[in-house]
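Source file: work_39.pdb. Holds: PDB, C-alpha atoms.
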ATOM      1  CA  MET A 667      -7.090  14.090  -2.259
ATOM      2  CA  CYS A 668      -3.781  13.881  -0.393
ATOM      3  CA  ASP A 669      -2.835  17.349  -1.568
ATOM      4  CA  ILE A 670      -6.163  18.775  -0.443
ATOM      5  CA  GLY A 671      -5.812  17.045   2.923
ATOM      6  CA  GLY A 672      -2.289  18.392   3.300
ATOM      7  CA  ILE A 673      -3.482  21.922   2.623
ATOM      8  CA  ILE A 674      -6.502  21.743   4.948
ATOM      9  CA  THR A 675      -4.820  19.907   7.855
ATOM     10  CA  PRO A 676      -2.976  22.887   9.415
ATOM     11  CA  PHE A 677      -6.189  24.914   9.510
ATOM     12  CA  ILE A 678      -8.108  22.044  11.130
ATOM     13  CA  VAL A 679      -5.354  21.482  13.695
ATOM     14  CA  TYR A 680      -5.347  25.130  14.792
ATOM     15  CA  ARG A 681      -9.158  25.225  15.012
ATOM     16  CA  LEU A 682      -9.287  21.995  17.042
ATOM     17  CA  ALA A 683      -6.493  23.179  19.342
ATOM     18  CA  ASP A 684      -8.576  26.251  20.219
ATOM     19  CA  VAL A 685     -11.361  23.962  21.480
ATOM     20  CA  TRP A 686      -9.122  21.593  23.461
ATOM     21  CA  HIS A 687      -5.331  21.456  23.298
ATOM     22  CA  GLU A 688      -5.116  17.651  22.878
ATOM     23  CA  LEU A 689      -8.070  17.329  20.487
ATOM     24  CA  PRO A 690      -5.971  17.275  17.265
ATOM     25  CA  LEU A 691      -3.922  14.372  18.655
ATOM     26  CA  VAL A 692      -7.059  12.468  19.623
ATOM     27  CA  VAL A 693      -8.692  13.048  16.222
ATOM     28  CA  PHE A 694      -5.626  11.909  14.252
ATOM     29  CA  ALA A 695      -5.128   8.887  16.529
ATOM     30  CA  VAL A 696      -8.750   7.794  16.093
ATOM     31  CA  ILE A 697      -8.551   8.229  12.312
ATOM     32  CA  GLY A 698      -5.324   6.186  12.236
ATOM     33  CA  LEU A 699      -6.880   3.384  14.294
ATOM     34  CA  ILE A 700      -9.986   3.284  12.107
ATOM     35  CA  ASP A 701      -7.875   3.200   8.938
ATOM     36  CA  GLY A 702      -5.687   0.471  10.392
ATOM     37  CA  GLY A 703      -8.765  -1.629  11.099
ATOM     38  CA  LEU A 704     -10.172  -1.022   7.624
ATOM     39  CA  VAL A 705      -6.937  -2.226   6.024
ATOM     40  CA  LEU A 706      -7.550  -5.661   7.513
ATOM     41  CA  LEU A 707     -10.746  -5.900   5.455
ATOM     42  CA  LEU A 708      -8.925  -5.530   2.154
ATOM     43  CA  PRO A 709      -9.113  -8.670  -0.011
ATOM     44  CA  GLU A 710      -5.336  -9.062  -0.101
ATOM     45  CA  THR A 711      -5.124  -9.453   3.695
ATOM     46  CA  LYS A 712      -8.562 -10.740   4.714
ATOM     47  CA  GLY A 713      -8.234 -14.106   6.431
ATOM     48  CA  LYS A 714      -4.449 -14.301   5.934
ATOM     49  CA  ALA A 715      -1.710 -14.110   8.509
ATOM     50  CA  LEU A 716       0.259 -10.923   8.051
ATOM     51  CA  PRO A 717       3.977 -11.324   7.271
ATOM     52  CA  GLU A 718       6.391 -10.866  10.138
ATOM     53  CA  THR A 719       9.645 -10.565   8.187
ATOM     54  CA  ILE A 720      10.695  -9.068   4.877
ATOM     55  CA  GLU A 721      11.203 -12.573   3.470
ATOM     56  CA  ASP A 722       7.637 -13.518   4.437
ATOM     57  CA  ALA A 723       6.337 -10.384   2.698
ATOM     58  CA  GLU A 724       8.299 -11.161  -0.475
ATOM     59  CA  ASN A 725       6.999 -14.742  -0.594
ATOM     60  CA  MET A 726       3.391 -13.821   0.264
ATOM     61  CA  HIS A 727       2.220 -13.544  -3.347
ATOM     62  CA  ARG A 728       4.099 -16.617  -4.542
ATOM     63  CA  GLN A 729       2.204 -18.995  -2.252
ATOM     64  CA  GLY A 730      -1.230 -18.299  -3.677
ATOM     65  CA  ARG A 731      -0.502 -18.555  -7.407
ATOM     66  CA  PRO A 732       0.930 -21.361  -9.467
ATOM     67  CA  LYS A 733       4.025 -20.552 -11.455
ATOM     68  CA  GLU A 734       3.307 -18.670 -14.618
ATOM     69  CA  LYS A 735       4.083 -20.375 -17.870
ATOM     70  CA  ILE A 736       6.891 -18.609 -19.668
ATOM     71  CA  ILE A 737       7.257 -18.961 -23.411
ATOM     72  CA  TYR A 738      10.629 -18.239 -24.914
ATOM     73  CA  LEU A 739      10.757 -17.351 -28.577
ATOM     74  CA  HIS A 740      13.798 -18.131 -30.642
ATOM     75  CA  VAL A 741      14.217 -15.829 -33.618
ATOM     76  CA  GLN A 742      16.292 -17.135 -36.472
ATOM     77  CA  THR A 743      17.962 -14.686 -38.765
ATOM     78  CA  SER A 744      19.448 -15.280 -42.145
ATOM     79  CA  ASP A 745      22.569 -13.792 -43.682
ATOM     80  CA  ALA A 746      20.495 -12.538 -46.651
ATOM     81  CA  ALA A 747      18.677 -10.057 -44.421
ATOM     82  CA  THR A 748      21.943  -8.282 -43.515
ATOM     83  CA  ASN A 749      22.954  -7.741 -47.176
TER      84      ASN A 749
END
Taking this structure as input, can you express it in the form of structure tokens?
Amino acid sequence: MCDIGGIITPFIVYRLADVWHELPLVVFAVIGLIDGGLVLLLPETKGKALPETIEDAENMHRQGRPKEKIIYLHVQTSDAATN
């Protein structure tokens, strides 16, 4: 869909500019504001404070989940297998 949008966008911009010179800017600004508002409804960010620093963003997922249990396997080899 991004490729199709990238192909169609120049044609839409020129058509909108014929109607009113600033109309393409208004349309893209409104779409950006609507999309920005819709992002806040995503389950990952709904009801959570957004991170303000890179460190906050990196630690955002660690706060909600308990540490995963890691199982280490120790493989024993015998000398007979190498012969």
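Between CA of Val685 (chain A) and CA of Leu704 (chain A) the interatomic distance comes to 28.6 Å.
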Which of these, A:Leu689, A:Ile700, A:Phe694, A:His727, has the shortest distance to Thr675 (chain A) once you count all atoms listed in the file? A:Phe694
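Relative to CA of Leu691 (chain A), CA of Gly703 (chain A) is found at 18.3 Å.
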What does the distance from CA of Arg681 (chain A) to CA of Ala695 (chain A) come to in Å, to one decimal? 16.9 Å
Once the PyMOL selection byres ((chain A and resi 676-679) around 12) has been applied to the shown file, what residues remain in the selection, as a short mmCIF file (atom, residue, chain, number, x, y, z; two decimals) with C-alpha atoms, keeping the file's coordinate frame?
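Okay, part-v6.cif is ready:
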data_model
loop_
_atom_site.label_atom_id
_atom_site.label_comp_id
_atom_site.auth_asym_id
_atom_site.auth_seq_id
_atom_site.Cartn_x
_atom_site.Cartn_y
_atom_site.Cartn_z
CA ILE A 670 -6.16 18.77 -0.44
CA GLY A 671 -5.81 17.05 2.92
CA GLY A 672 -2.29 18.39 3.30
CA ILE A 673 -3.48 21.92 2.62
CA ILE A 674 -6.50 21.74 4.95
CA THR A 675 -4.82 19.91 7.86
CA TYR A 680 -5.35 25.13 14.79
CA ARG A 681 -9.16 25.22 15.01
CA LEU A 682 -9.29 22.00 17.04
CA ALA A 683 -6.49 23.18 19.34
CA ASP A 684 -8.58 26.25 20.22
CA VAL A 685 -11.36 23.96 21.48
CA TRP A 686 -9.12 21.59 23.46
CA HIS A 687 -5.33 21.46 23.30
CA GLU A 688 -5.12 17.65 22.88
CA LEU A 689 -8.07 17.33 20.49
CA PRO A 690 -5.97 17.27 17.26
CA LEU A 691 -3.92 14.37 18.66
CA VAL A 692 -7.06 12.47 19.62
CA VAL A 693 -8.69 13.05 16.22
CA PHE A 694 -5.63 11.91 14.25
#
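Using all atoms listed in the file, the smallest distance between any of A:Leu739, A:Met726, A:Ile697, A:Met667 and Lys714 (chain A) comes from A:Met726.
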